[in-house]
>>> print(open('protein-v3.txt').read())   # compact mmCIF, N, CA and C atoms
# COMPACT_ATOMS: atom_id res chain seq x y z
N MET A 1 54.63 -46.38 -28.96
CA MET A 1 55.00 -45.93 -30.28
C MET A 1 56.47 -45.56 -30.25
N PHE A 2 57.16 -45.87 -31.33
CA PHE A 2 58.57 -45.52 -31.43
C PHE A 2 58.97 -45.49 -32.89
N ALA A 3 60.02 -44.79 -33.16
CA ALA A 3 60.60 -44.75 -34.50
C ALA A 3 61.91 -45.53 -34.46
N ALA A 4 61.99 -46.55 -35.27
CA ALA A 4 63.21 -47.35 -35.34
C ALA A 4 64.06 -46.81 -36.48
N THR A 5 64.95 -45.90 -36.14
CA THR A 5 65.78 -45.25 -37.16
C THR A 5 67.01 -46.06 -37.54
N THR A 6 67.28 -47.10 -36.75
CA THR A 6 68.42 -47.99 -37.05
C THR A 6 67.99 -49.44 -36.81
N SER A 7 68.73 -50.36 -37.36
CA SER A 7 68.46 -51.78 -37.12
C SER A 7 68.61 -52.10 -35.64
N ALA A 8 69.56 -51.48 -34.98
CA ALA A 8 69.78 -51.73 -33.55
C ALA A 8 68.57 -51.28 -32.73
N ALA A 9 67.95 -50.17 -33.09
CA ALA A 9 66.77 -49.69 -32.38
C ALA A 9 65.60 -50.66 -32.57
N LEU A 10 65.47 -51.20 -33.76
CA LEU A 10 64.41 -52.17 -34.04
C LEU A 10 64.61 -53.44 -33.22
N VAL A 11 65.83 -53.93 -33.18
CA VAL A 11 66.15 -55.13 -32.39
C VAL A 11 65.86 -54.87 -30.91
N ALA A 12 66.25 -53.71 -30.41
CA ALA A 12 66.03 -53.37 -29.00
C ALA A 12 64.55 -53.33 -28.66
N ALA A 13 63.73 -52.86 -29.59
CA ALA A 13 62.29 -52.77 -29.35
C ALA A 13 61.61 -54.14 -29.42
N PHE A 14 62.04 -54.98 -30.35
CA PHE A 14 61.38 -56.26 -30.54
C PHE A 14 61.89 -57.37 -29.64
N THR A 15 63.07 -57.24 -29.08
CA THR A 15 63.63 -58.29 -28.23
C THR A 15 62.71 -58.62 -27.05
N PRO A 16 62.22 -57.64 -26.28
CA PRO A 16 61.31 -58.00 -25.17
C PRO A 16 60.01 -58.64 -25.65
N VAL A 17 59.50 -58.19 -26.79
CA VAL A 17 58.28 -58.78 -27.35
C VAL A 17 58.51 -60.24 -27.68
N MET A 18 59.60 -60.51 -28.38
CA MET A 18 59.90 -61.89 -28.77
C MET A 18 60.22 -62.76 -27.55
N ASP A 19 60.90 -62.20 -26.56
CA ASP A 19 61.17 -62.96 -25.33
C ASP A 19 59.87 -63.35 -24.65
N GLY A 20 58.91 -62.43 -24.61
CA GLY A 20 57.60 -62.73 -24.02
C GLY A 20 56.86 -63.81 -24.78
N LEU A 21 56.92 -63.75 -26.10
CA LEU A 21 56.27 -64.79 -26.91
C LEU A 21 56.94 -66.14 -26.71
N ARG A 22 58.26 -66.16 -26.70
CA ARG A 22 58.99 -67.43 -26.50
C ARG A 22 58.67 -68.05 -25.14
N ALA A 23 58.47 -67.20 -24.12
CA ALA A 23 58.10 -67.70 -22.80
C ALA A 23 56.74 -68.39 -22.83
N ARG A 24 55.93 -68.07 -23.84
CA ARG A 24 54.61 -68.70 -24.02
C ARG A 24 54.66 -69.81 -25.07
N GLU A 25 55.88 -70.29 -25.37
CA GLU A 25 56.12 -71.39 -26.31
C GLU A 25 55.82 -71.01 -27.76
N TYR A 26 56.05 -69.75 -28.12
CA TYR A 26 55.86 -69.28 -29.48
C TYR A 26 56.78 -70.02 -30.44
N GLY A 27 56.20 -70.41 -31.59
CA GLY A 27 56.99 -71.09 -32.60
C GLY A 27 57.09 -70.35 -33.92
N ARG A 28 55.95 -69.80 -34.38
CA ARG A 28 55.97 -69.12 -35.68
C ARG A 28 54.73 -68.24 -35.82
N SER A 29 54.76 -67.39 -36.84
CA SER A 29 53.62 -66.53 -37.18
C SER A 29 53.25 -66.72 -38.63
N GLU A 30 52.01 -66.39 -38.92
CA GLU A 30 51.49 -66.44 -40.28
C GLU A 30 50.64 -65.19 -40.49
N LEU A 31 50.80 -64.53 -41.61
CA LEU A 31 50.01 -63.34 -41.91
C LEU A 31 48.93 -63.67 -42.93
N ARG A 32 47.71 -63.35 -42.60
CA ARG A 32 46.59 -63.49 -43.54
C ARG A 32 46.15 -62.08 -43.92
N VAL A 33 46.51 -61.69 -45.13
CA VAL A 33 46.17 -60.35 -45.61
C VAL A 33 44.69 -60.33 -45.99
N ARG A 34 43.96 -59.40 -45.41
CA ARG A 34 42.53 -59.24 -45.72
C ARG A 34 42.29 -58.12 -46.72
N HIS A 35 43.17 -57.14 -46.71
CA HIS A 35 42.99 -55.99 -47.60
C HIS A 35 44.37 -55.48 -48.00
N PHE A 36 44.56 -55.22 -49.29
CA PHE A 36 45.80 -54.65 -49.78
C PHE A 36 45.43 -53.56 -50.78
N LYS A 37 46.01 -52.39 -50.61
CA LYS A 37 45.73 -51.29 -51.52
C LYS A 37 47.02 -50.59 -51.89
N SER A 38 47.25 -50.49 -53.19
CA SER A 38 48.38 -49.72 -53.68
C SER A 38 48.00 -48.25 -53.61
N LEU A 39 48.82 -47.45 -52.97
CA LEU A 39 48.55 -46.03 -52.83
C LEU A 39 49.29 -45.21 -53.88
N SER A 40 50.41 -45.73 -54.34
CA SER A 40 51.22 -45.09 -55.38
C SER A 40 52.25 -46.11 -55.84
N ALA A 41 53.16 -45.69 -56.68
CA ALA A 41 54.22 -46.61 -57.14
C ALA A 41 55.16 -47.00 -56.01
N THR A 42 55.19 -46.21 -54.94
CA THR A 42 56.13 -46.48 -53.85
C THR A 42 55.46 -46.61 -52.48
N ALA A 43 54.13 -46.68 -52.43
CA ALA A 43 53.43 -46.79 -51.14
C ALA A 43 52.25 -47.74 -51.26
N ALA A 44 52.03 -48.52 -50.20
CA ALA A 44 50.92 -49.45 -50.17
C ALA A 44 50.45 -49.63 -48.73
N LEU A 45 49.21 -50.09 -48.60
CA LEU A 45 48.60 -50.34 -47.29
C LEU A 45 48.12 -51.79 -47.26
N ALA A 46 48.53 -52.53 -46.25
CA ALA A 46 48.12 -53.93 -46.10
C ALA A 46 47.56 -54.13 -44.70
N THR A 47 46.37 -54.73 -44.62
CA THR A 47 45.72 -54.99 -43.34
C THR A 47 45.35 -56.46 -43.28
N GLY A 48 45.53 -57.07 -42.12
CA GLY A 48 45.20 -58.47 -41.99
C GLY A 48 45.25 -58.95 -40.56
N VAL A 49 45.44 -60.25 -40.42
CA VAL A 49 45.51 -60.89 -39.12
C VAL A 49 46.82 -61.67 -39.03
N ALA A 50 47.54 -61.45 -37.96
CA ALA A 50 48.74 -62.24 -37.68
C ALA A 50 48.33 -63.37 -36.75
N LEU A 51 48.52 -64.59 -37.21
CA LEU A 51 48.24 -65.77 -36.39
C LEU A 51 49.56 -66.24 -35.81
N ARG A 52 49.58 -66.40 -34.52
CA ARG A 52 50.79 -66.86 -33.85
C ARG A 52 50.54 -68.27 -33.33
N TYR A 53 51.52 -69.15 -33.56
CA TYR A 53 51.40 -70.55 -33.19
C TYR A 53 52.47 -70.95 -32.18
N LYS A 54 52.11 -71.91 -31.32
CA LYS A 54 53.07 -72.48 -30.38
C LYS A 54 54.01 -73.43 -31.11
N LEU A 55 55.03 -73.86 -30.42
CA LEU A 55 56.00 -74.81 -30.97
C LEU A 55 55.33 -76.11 -31.43
N ASP A 56 54.26 -76.50 -30.74
CA ASP A 56 53.58 -77.75 -31.08
C ASP A 56 52.53 -77.57 -32.18
N GLY A 57 52.41 -76.35 -32.72
CA GLY A 57 51.48 -76.10 -33.81
C GLY A 57 50.13 -75.58 -33.38
N GLN A 58 49.82 -75.58 -32.08
CA GLN A 58 48.55 -75.04 -31.59
C GLN A 58 48.55 -73.52 -31.73
N GLU A 59 47.37 -72.96 -32.02
CA GLU A 59 47.27 -71.51 -32.13
C GLU A 59 47.48 -70.87 -30.76
N LEU A 60 48.32 -69.86 -30.72
CA LEU A 60 48.62 -69.13 -29.50
C LEU A 60 47.71 -67.91 -29.38
N GLU A 61 47.61 -67.13 -30.47
CA GLU A 61 46.77 -65.93 -30.46
C GLU A 61 46.64 -65.38 -31.87
N ARG A 62 45.70 -64.46 -32.02
CA ARG A 62 45.49 -63.74 -33.28
C ARG A 62 45.49 -62.26 -32.94
N VAL A 63 46.16 -61.48 -33.78
CA VAL A 63 46.16 -60.02 -33.60
C VAL A 63 45.93 -59.36 -34.96
N GLY A 64 45.18 -58.26 -34.94
CA GLY A 64 45.02 -57.48 -36.16
C GLY A 64 46.29 -56.69 -36.41
N ILE A 65 46.63 -56.52 -37.67
CA ILE A 65 47.86 -55.79 -38.00
C ILE A 65 47.67 -55.03 -39.30
N THR A 66 48.19 -53.83 -39.32
CA THR A 66 48.17 -53.00 -40.52
C THR A 66 49.59 -52.50 -40.77
N TYR A 67 50.00 -52.61 -42.03
CA TYR A 67 51.31 -52.13 -42.45
C TYR A 67 51.15 -51.02 -43.48
N VAL A 68 51.94 -49.98 -43.36
CA VAL A 68 52.16 -49.03 -44.44
C VAL A 68 53.52 -49.40 -45.01
N LEU A 69 53.54 -49.71 -46.29
CA LEU A 69 54.76 -50.18 -46.94
C LEU A 69 55.33 -49.10 -47.86
N HIS A 70 56.64 -49.04 -47.94
CA HIS A 70 57.33 -48.08 -48.79
C HIS A 70 58.32 -48.84 -49.67
N LYS A 71 58.29 -48.57 -50.96
CA LYS A 71 59.23 -49.22 -51.87
C LYS A 71 60.48 -48.37 -51.99
N ALA A 72 61.59 -48.94 -51.58
CA ALA A 72 62.89 -48.28 -51.64
C ALA A 72 63.75 -49.09 -52.61
N ASP A 73 64.20 -48.46 -53.67
CA ASP A 73 64.91 -49.15 -54.74
C ASP A 73 63.97 -50.22 -55.31
N THR A 74 64.31 -51.48 -55.15
CA THR A 74 63.46 -52.56 -55.68
C THR A 74 62.82 -53.37 -54.56
N ARG A 75 62.97 -52.94 -53.31
CA ARG A 75 62.47 -53.70 -52.16
C ARG A 75 61.40 -52.93 -51.41
N TRP A 76 60.36 -53.66 -50.97
CA TRP A 76 59.34 -53.07 -50.11
C TRP A 76 59.80 -53.16 -48.66
N LYS A 77 59.58 -52.08 -47.92
CA LYS A 77 59.96 -52.04 -46.51
C LYS A 77 58.76 -51.58 -45.69
N ILE A 78 58.70 -52.04 -44.44
CA ILE A 78 57.65 -51.61 -43.54
C ILE A 78 58.01 -50.21 -43.04
N ALA A 79 57.14 -49.26 -43.33
CA ALA A 79 57.33 -47.89 -42.84
C ALA A 79 56.61 -47.69 -41.51
N VAL A 80 55.42 -48.30 -41.39
CA VAL A 80 54.60 -48.19 -40.18
C VAL A 80 53.95 -49.54 -39.93
N MET A 81 53.95 -49.97 -38.67
CA MET A 81 53.25 -51.19 -38.29
C MET A 81 52.32 -50.84 -37.13
N ILE A 82 51.04 -51.22 -37.27
CA ILE A 82 50.05 -50.94 -36.24
C ILE A 82 49.41 -52.27 -35.84
N ILE A 83 49.48 -52.60 -34.57
CA ILE A 83 48.81 -53.79 -34.05
C ILE A 83 47.52 -53.33 -33.40
N HIS A 84 46.42 -54.04 -33.71
CA HIS A 84 45.10 -53.60 -33.24
C HIS A 84 44.18 -54.80 -33.09
N ASP A 85 42.96 -54.54 -32.64
CA ASP A 85 41.97 -55.60 -32.51
C ASP A 85 41.66 -56.19 -33.88
N ILE A 86 41.31 -57.45 -33.90
CA ILE A 86 40.99 -58.12 -35.16
C ILE A 86 39.75 -57.53 -35.81
N ASP A 87 38.77 -57.12 -35.06
CA ASP A 87 37.55 -56.54 -35.63
C ASP A 87 37.86 -55.35 -36.53
N GLU A 88 38.96 -54.67 -36.26
CA GLU A 88 39.35 -53.51 -37.05
C GLU A 88 40.11 -53.92 -38.31
N ALA A 89 40.48 -55.20 -38.42
CA ALA A 89 41.33 -55.67 -39.52
C ALA A 89 40.47 -56.21 -40.68
N LYS A 90 39.61 -55.39 -41.21
CA LYS A 90 38.74 -55.82 -42.30
C LYS A 90 39.17 -55.21 -43.60
>>> encode(input="protein-v3.txt", output="structure tokens")
Amino acid sequence: MFAATTSAALVAAFTPVMDGLRAREYGRSELRVRHFKSLSATAALATGVALRYKLDGQELERVGITYVLHKADTRWKIAVMIIHDIDEAK
């Protein structure tokens, strides 16, 4: 768990993750939202499955993911990201 208070902190945290995925021939991700709930005018909860694909298009893996979103000005931003088992992503 970590708080990314700057863009540089976010890059530093995700660089090893992305390097590990690329070493496994990662090409792209796709999000399938299973549940979305507006909590207020500026907060929302989205839960789903992130499908990760290899460069050749074969599925690499699936992970459950939940986002808490915050609307700042006119843009939605990820406030919290939780990666979990898919069974929990209902």
>>> select_by_dssp(input="protein-v3.txt", residues="chain A", states="strand (DSSP E or B)", output="PDB file with N, CA and C atoms, keeping the file's coordinate frame")
ATOM      1  N   TYR A  26      56.050 -69.750 -28.120  1.00  0.00           N
ATOM      2  CA  TYR A  26      55.860 -69.280 -29.480  1.00  0.00           C
ATOM      3  C   TYR A  26      56.780 -70.020 -30.440  1.00  0.00           C
ATOM      4  N   GLY A  27      56.200 -70.410 -31.590  1.00  0.00           N
ATOM      5  CA  GLY A  27      56.990 -71.090 -32.600  1.00  0.00           C
ATOM      6  C   GLY A  27      57.090 -70.350 -33.920  1.00  0.00           C
ATOM      7  N   ARG A  28      55.950 -69.800 -34.380  1.00  0.00           N
ATOM      8  CA  ARG A  28      55.970 -69.120 -35.680  1.00  0.00           C
ATOM      9  C   ARG A  28      54.730 -68.240 -35.820  1.00  0.00           C
ATOM     10  N   SER A  29      54.760 -67.390 -36.840  1.00  0.00           N
ATOM     11  CA  SER A  29      53.620 -66.530 -37.180  1.00  0.00           C
ATOM     12  C   SER A  29      53.250 -66.720 -38.630  1.00  0.00           C
ATOM     13  N   GLU A  30      52.010 -66.390 -38.920  1.00  0.00           N
ATOM     14  CA  GLU A  30      51.490 -66.440 -40.280  1.00  0.00           C
ATOM     15  C   GLU A  30      50.640 -65.190 -40.490  1.00  0.00           C
ATOM     16  N   LEU A  31      50.800 -64.530 -41.610  1.00  0.00           N
ATOM     17  CA  LEU A  31      50.010 -63.340 -41.910  1.00  0.00           C
ATOM     18  C   LEU A  31      48.930 -63.670 -42.930  1.00  0.00           C
ATOM     19  N   ARG A  32      47.710 -63.350 -42.600  1.00  0.00           N
ATOM     20  CA  ARG A  32      46.590 -63.490 -43.540  1.00  0.00           C
ATOM     21  C   ARG A  32      46.150 -62.080 -43.920  1.00  0.00           C
ATOM     22  N   VAL A  33      46.510 -61.690 -45.130  1.00  0.00           N
ATOM     23  CA  VAL A  33      46.170 -60.350 -45.610  1.00  0.00           C
ATOM     24  C   VAL A  33      44.690 -60.330 -45.990  1.00  0.00           C
ATOM     25  N   ARG A  34      43.960 -59.400 -45.410  1.00  0.00           N
ATOM     26  CA  ARG A  34      42.530 -59.240 -45.720  1.00  0.00           C
ATOM     27  C   ARG A  34      42.290 -58.120 -46.720  1.00  0.00           C
ATOM     28  N   HIS A  35      43.170 -57.140 -46.710  1.00  0.00           N
ATOM     29  CA  HIS A  35      42.990 -55.990 -47.600  1.00  0.00           C
ATOM     30  C   HIS A  35      44.370 -55.480 -48.000  1.00  0.00           C
ATOM     31  N   PHE A  36      44.560 -55.220 -49.290  1.00  0.00           N
ATOM     32  CA  PHE A  36      45.800 -54.650 -49.780  1.00  0.00           C
ATOM     33  C   PHE A  36      45.430 -53.560 -50.780  1.00  0.00           C
ATOM     34  N   LYS A  37      46.010 -52.390 -50.610  1.00  0.00           N
ATOM     35  CA  LYS A  37      45.730 -51.290 -51.520  1.00  0.00           C
ATOM     36  C   LYS A  37      47.020 -50.590 -51.890  1.00  0.00           C
ATOM     37  N   SER A  38      47.250 -50.490 -53.190  1.00  0.00           N
ATOM     38  CA  SER A  38      48.380 -49.720 -53.680  1.00  0.00           C
ATOM     39  C   SER A  38      48.000 -48.250 -53.610  1.00  0.00           C
ATOM     40  N   ALA A  43      54.130 -46.680 -52.430  1.00  0.00           N
ATOM     41  CA  ALA A  43      53.430 -46.790 -51.140  1.00  0.00           C
ATOM     42  C   ALA A  43      52.250 -47.740 -51.260  1.00  0.00           C
ATOM     43  N   ALA A  44      52.030 -48.520 -50.200  1.00  0.00           N
ATOM     44  CA  ALA A  44      50.920 -49.450 -50.170  1.00  0.00           C
ATOM     45  C   ALA A  44      50.450 -49.630 -48.730  1.00  0.00           C
ATOM     46  N   LEU A  45      49.210 -50.090 -48.600  1.00  0.00           N
ATOM     47  CA  LEU A  45      48.600 -50.340 -47.290  1.00  0.00           C
ATOM     48  C   LEU A  45      48.120 -51.790 -47.260  1.00  0.00           C
ATOM     49  N   ALA A  46      48.530 -52.530 -46.250  1.00  0.00           N
ATOM     50  CA  ALA A  46      48.120 -53.930 -46.100  1.00  0.00           C
ATOM     51  C   ALA A  46      47.560 -54.130 -44.700  1.00  0.00           C
ATOM     52  N   THR A  47      46.370 -54.730 -44.620  1.00  0.00           N
ATOM     53  CA  THR A  47      45.720 -54.990 -43.340  1.00  0.00           C
ATOM     54  C   THR A  47      45.350 -56.460 -43.280  1.00  0.00           C
ATOM     55  N   GLY A  48      45.530 -57.070 -42.120  1.00  0.00           N
ATOM     56  CA  GLY A  48      45.200 -58.470 -41.990  1.00  0.00           C
ATOM     57  C   GLY A  48      45.250 -58.950 -40.560  1.00  0.00           C
ATOM     58  N   VAL A  49      45.440 -60.250 -40.420  1.00  0.00           N
ATOM     59  CA  VAL A  49      45.510 -60.890 -39.120  1.00  0.00           C
ATOM     60  C   VAL A  49      46.820 -61.670 -39.030  1.00  0.00           C
ATOM     61  N   ALA A  50      47.540 -61.450 -37.960  1.00  0.00           N
ATOM     62  CA  ALA A  50      48.740 -62.240 -37.680  1.00  0.00           C
ATOM     63  C   ALA A  50      48.330 -63.370 -36.750  1.00  0.00           C
ATOM     64  N   LEU A  51      48.520 -64.590 -37.210  1.00  0.00           N
ATOM     65  CA  LEU A  51      48.240 -65.770 -36.390  1.00  0.00           C
ATOM     66  C   LEU A  51      49.560 -66.240 -35.810  1.00  0.00           C
ATOM     67  N   ARG A  52      49.580 -66.400 -34.520  1.00  0.00           N
ATOM     68  CA  ARG A  52      50.790 -66.860 -33.850  1.00  0.00           C
ATOM     69  C   ARG A  52      50.540 -68.270 -33.330  1.00  0.00           C
ATOM     70  N   TYR A  53      51.520 -69.150 -33.560  1.00  0.00           N
ATOM     71  CA  TYR A  53      51.400 -70.550 -33.190  1.00  0.00           C
ATOM     72  C   TYR A  53      52.470 -70.950 -32.180  1.00  0.00           C
ATOM     73  N   LYS A  54      52.110 -71.910 -31.320  1.00  0.00           N
ATOM     74  CA  LYS A  54      53.070 -72.480 -30.380  1.00  0.00           C
ATOM     75  C   LYS A  54      54.010 -73.430 -31.110  1.00  0.00           C
ATOM     76  N   GLU A  59      47.370 -72.960 -32.020  1.00  0.00           N
ATOM     77  CA  GLU A  59      47.270 -71.510 -32.130  1.00  0.00           C
ATOM     78  C   GLU A  59      47.480 -70.870 -30.760  1.00  0.00           C
ATOM     79  N   LEU A  60      48.320 -69.860 -30.720  1.00  0.00           N
ATOM     80  CA  LEU A  60      48.620 -69.130 -29.500  1.00  0.00           C
ATOM     81  C   LEU A  60      47.710 -67.910 -29.380  1.00  0.00           C
ATOM     82  N   GLU A  61      47.610 -67.130 -30.470  1.00  0.00           N
ATOM     83  CA  GLU A  61      46.770 -65.930 -30.460  1.00  0.00           C
ATOM     84  C   GLU A  61      46.640 -65.380 -31.870  1.00  0.00           C
ATOM     85  N   ARG A  62      45.700 -64.460 -32.020  1.00  0.00           N
ATOM     86  CA  ARG A  62      45.490 -63.740 -33.280  1.00  0.00           C
ATOM     87  C   ARG A  62      45.490 -62.260 -32.940  1.00  0.00           C
ATOM     88  N   VAL A  63      46.160 -61.480 -33.780  1.00  0.00           N
ATOM     89  CA  VAL A  63      46.160 -60.020 -33.600  1.00  0.00           C
ATOM     90  C   VAL A  63      45.930 -59.360 -34.960  1.00  0.00           C
ATOM     91  N   GLY A  64      45.180 -58.260 -34.940  1.00  0.00           N
ATOM     92  CA  GLY A  64      45.020 -57.480 -36.160  1.00  0.00           C
ATOM     93  C   GLY A  64      46.290 -56.690 -36.410  1.00  0.00           C
ATOM     94  N   ILE A  65      46.630 -56.520 -37.670  1.00  0.00           N
ATOM     95  CA  ILE A  65      47.860 -55.790 -38.000  1.00  0.00           C
ATOM     96  C   ILE A  65      47.670 -55.030 -39.300  1.00  0.00           C
ATOM     97  N   THR A  66      48.190 -53.830 -39.320  1.00  0.00           N
ATOM     98  CA  THR A  66      48.170 -53.000 -40.520  1.00  0.00           C
ATOM     99  C   THR A  66      49.590 -52.500 -40.770  1.00  0.00           C
ATOM    100  N   TYR A  67      50.000 -52.610 -42.030  1.00  0.00           N
ATOM    101  CA  TYR A  67      51.310 -52.130 -42.450  1.00  0.00           C
ATOM    102  C   TYR A  67      51.150 -51.020 -43.480  1.00  0.00           C
ATOM    103  N   VAL A  68      51.940 -49.980 -43.360  1.00  0.00           N
ATOM    104  CA  VAL A  68      52.160 -49.030 -44.440  1.00  0.00           C
ATOM    105  C   VAL A  68      53.520 -49.400 -45.010  1.00  0.00           C
ATOM    106  N   LEU A  69      53.540 -49.710 -46.290  1.00  0.00           N
ATOM    107  CA  LEU A  69      54.760 -50.180 -46.940  1.00  0.00           C
ATOM    108  C   LEU A  69      55.330 -49.100 -47.860  1.00  0.00           C
ATOM    109  N   HIS A  70      56.640 -49.040 -47.940  1.00  0.00           N
ATOM    110  CA  HIS A  70      57.330 -48.080 -48.790  1.00  0.00           C
ATOM    111  C   HIS A  70      58.320 -48.840 -49.670  1.00  0.00           C
ATOM    112  N   LYS A  71      58.290 -48.570 -50.960  1.00  0.00           N
ATOM    113  CA  LYS A  71      59.230 -49.220 -51.870  1.00  0.00           C
ATOM    114  C   LYS A  71      60.480 -48.370 -51.990  1.00  0.00           C
ATOM    115  N   ALA A  72      61.590 -48.940 -51.580  1.00  0.00           N
ATOM    116  CA  ALA A  72      62.890 -48.280 -51.640  1.00  0.00           C
ATOM    117  C   ALA A  72      63.750 -49.090 -52.610  1.00  0.00           C
ATOM    118  N   ARG A  75      62.970 -52.940 -53.310  1.00  0.00           N
ATOM    119  CA  ARG A  75      62.470 -53.700 -52.160  1.00  0.00           C
ATOM    120  C   ARG A  75      61.400 -52.930 -51.410  1.00  0.00           C
ATOM    121  N   TRP A  76      60.360 -53.660 -50.970  1.00  0.00           N
ATOM    122  CA  TRP A  76      59.340 -53.070 -50.110  1.00  0.00           C
ATOM    123  C   TRP A  76      59.800 -53.160 -48.660  1.00  0.00           C
ATOM    124  N   LYS A  77      59.580 -52.080 -47.920  1.00  0.00           N
ATOM    125  CA  LYS A  77      59.960 -52.040 -46.510  1.00  0.00           C
ATOM    126  C   LYS A  77      58.760 -51.580 -45.690  1.00  0.00           C
ATOM    127  N   ILE A  78      58.700 -52.040 -44.440  1.00  0.00           N
ATOM    128  CA  ILE A  78      57.650 -51.610 -43.540  1.00  0.00           C
ATOM    129  C   ILE A  78      58.010 -50.210 -43.040  1.00  0.00           C
ATOM    130  N   ALA A  79      57.140 -49.260 -43.330  1.00  0.00           N
ATOM    131  CA  ALA A  79      57.330 -47.890 -42.840  1.00  0.00           C
ATOM    132  C   ALA A  79      56.610 -47.690 -41.510  1.00  0.00           C
ATOM    133  N   VAL A  80      55.420 -48.300 -41.390  1.00  0.00           N
ATOM    134  CA  VAL A  80      54.600 -48.190 -40.180  1.00  0.00           C
ATOM    135  C   VAL A  80      53.950 -49.540 -39.930  1.00  0.00           C
ATOM    136  N   MET A  81      53.950 -49.970 -38.670  1.00  0.00           N
ATOM    137  CA  MET A  81      53.250 -51.190 -38.290  1.00  0.00           C
ATOM    138  C   MET A  81      52.320 -50.840 -37.130  1.00  0.00           C
ATOM    139  N   ILE A  82      51.040 -51.220 -37.270  1.00  0.00           N
ATOM    140  CA  ILE A  82      50.050 -50.940 -36.240  1.00  0.00           C
ATOM    141  C   ILE A  82      49.410 -52.270 -35.840  1.00  0.00           C
ATOM    142  N   ILE A  83      49.480 -52.600 -34.570  1.00  0.00           N
ATOM    143  CA  ILE A  83      48.810 -53.790 -34.050  1.00  0.00           C
ATOM    144  C   ILE A  83      47.520 -53.330 -33.400  1.00  0.00           C
ATOM    145  N   HIS A  84      46.420 -54.040 -33.710  1.00  0.00           N
ATOM    146  CA  HIS A  84      45.100 -53.600 -33.240  1.00  0.00           C
ATOM    147  C   HIS A  84      44.180 -54.800 -33.090  1.00  0.00           C
TER     148      HIS A  84
END
>>> atom_distance(input="protein-v3.txt", atom1="atom C of Ile86 in chain A", atom2="atom C of Thr42 in chain A")
25.4 Å
>>> atom_distance(input="protein-v3.txt", atom1="atom C of Gly48 in chain A", atom2="atom C of Glu61 in chain A")
10.9 Å
>>> closest_residue(input="protein-v3.txt", among="A:Leu60, A:Leu69, A:Ala23, A:Ala8", to="Ala44 in chain A", atoms="all atoms listed in the file")
A:Leu69
>>> atom_distance(input="protein-v3.txt", atom1="atom N of Tyr26 in chain A", atom2="atom N of Val63 in chain A")
14.1 Å
>>> select_by_dssp(input="protein-v3.txt", residues="chain A", states="alpha helix (DSSP H)", output="VMD selection string")
chain A and resid 7 to 23
>>> closest_residue(input="protein-v3.txt", among="A:Thr15, A:Gln58, A:Thr6, A:Thr66", to="Val33 in chain A", atoms="only C-alpha atoms")
A:Thr66
>>> residues_around(input="protein-v3.txt", residues="Ser29 in chain A", least_positions_apart="5", cutoff="5 Å", atoms="only N, CA and C atoms", output="JSON, numbers by chain")
{"A": [51, 52, 53]}
>>> closest_residue(input="protein-v3.txt", among="A:Val49, A:Met1, A:Ile65, A:Leu39", to="His84 in chain A", atoms="all atoms listed in the file")
A:Ile65
>>> residues_around(input="protein-v3.txt", residues="Arg34 in chain A", least_positions_apart="3", cutoff="12 Å", atoms="only C-alpha atoms", output="ChimeraX atom specification")
/A:31,37,45-50,64-67,86-90
>>> residues_near_point(input="protein-v3.txt", point="(52.4, -49.3, -40.4)", cutoff="5 Å", atoms="all atoms listed in the file", output="list of chain:residue names")
A:Thr66, A:Tyr67, A:Val68, A:Ala79, A:Val80, A:Met81, A:Ile82
>>> write_last_selection(input="protein-v3.txt", atoms="N, CA and C atoms", output="PDB file, in the frame of the given file")
ATOM      1  N   THR A  66      48.190 -53.830 -39.320  1.00  0.00           N
ATOM      2  CA  THR A  66      48.170 -53.000 -40.520  1.00  0.00           C
ATOM      3  C   THR A  66      49.590 -52.500 -40.770  1.00  0.00           C
ATOM      4  N   TYR A  67      50.000 -52.610 -42.030  1.00  0.00           N
ATOM      5  CA  TYR A  67      51.310 -52.130 -42.450  1.00  0.00           C
ATOM      6  C   TYR A  67      51.150 -51.020 -43.480  1.00  0.00           C
ATOM      7  N   VAL A  68      51.940 -49.980 -43.360  1.00  0.00           N
ATOM      8  CA  VAL A  68      52.160 -49.030 -44.440  1.00  0.00           C
ATOM      9  C   VAL A  68      53.520 -49.400 -45.010  1.00  0.00           C
ATOM     10  N   ALA A  79      57.140 -49.260 -43.330  1.00  0.00           N
ATOM     11  CA  ALA A  79      57.330 -47.890 -42.840  1.00  0.00           C
ATOM     12  C   ALA A  79      56.610 -47.690 -41.510  1.00  0.00           C
ATOM     13  N   VAL A  80      55.420 -48.300 -41.390  1.00  0.00           N
ATOM     14  CA  VAL A  80      54.600 -48.190 -40.180  1.00  0.00           C
ATOM     15  C   VAL A  80      53.950 -49.540 -39.930  1.00  0.00           C
ATOM     16  N   MET A  81      53.950 -49.970 -38.670  1.00  0.00           N
ATOM     17  CA  MET A  81      53.250 -51.190 -38.290  1.00  0.00           C
ATOM     18  C   MET A  81      52.320 -50.840 -37.130  1.00  0.00           C
ATOM     19  N   ILE A  82      51.040 -51.220 -37.270  1.00  0.00           N
ATOM     20  CA  ILE A  82      50.050 -50.940 -36.240  1.00  0.00           C
ATOM     21  C   ILE A  82      49.410 -52.270 -35.840  1.00  0.00           C
TER      22      ILE A  82
END
>>> decode(input="protein-v3.txt", residues="range 78-82 of chain A", atoms="N, CA and C atoms", output="CSV table (one decimal), in the first residue's frame")
chain,number,residue,atom,x,y,z
A,78,ILE,N,-8.6,8.6,-10.2
A,78,ILE,CA,-8.5,7.4,-9.3
A,78,ILE,C,-8.0,7.9,-8.0
A,79,ALA,N,-8.8,7.7,-6.9
A,79,ALA,CA,-8.4,8.1,-5.6
A,79,ALA,C,-7.8,6.9,-4.9
A,80,VAL,N,-8.4,5.7,-5.1
A,80,VAL,CA,-7.9,4.4,-4.5
A,80,VAL,C,-8.1,3.3,-5.6
A,81,MET,N,-7.0,2.5,-5.7
A,81,MET,CA,-7.1,1.3,-6.6
A,81,MET,C,-6.8,0.1,-5.7
A,82,ILE,N,-7.6,-0.9,-5.8
A,82,ILE,CA,-7.4,-2.2,-5.0
A,82,ILE,C,-7.4,-3.3,-6.0
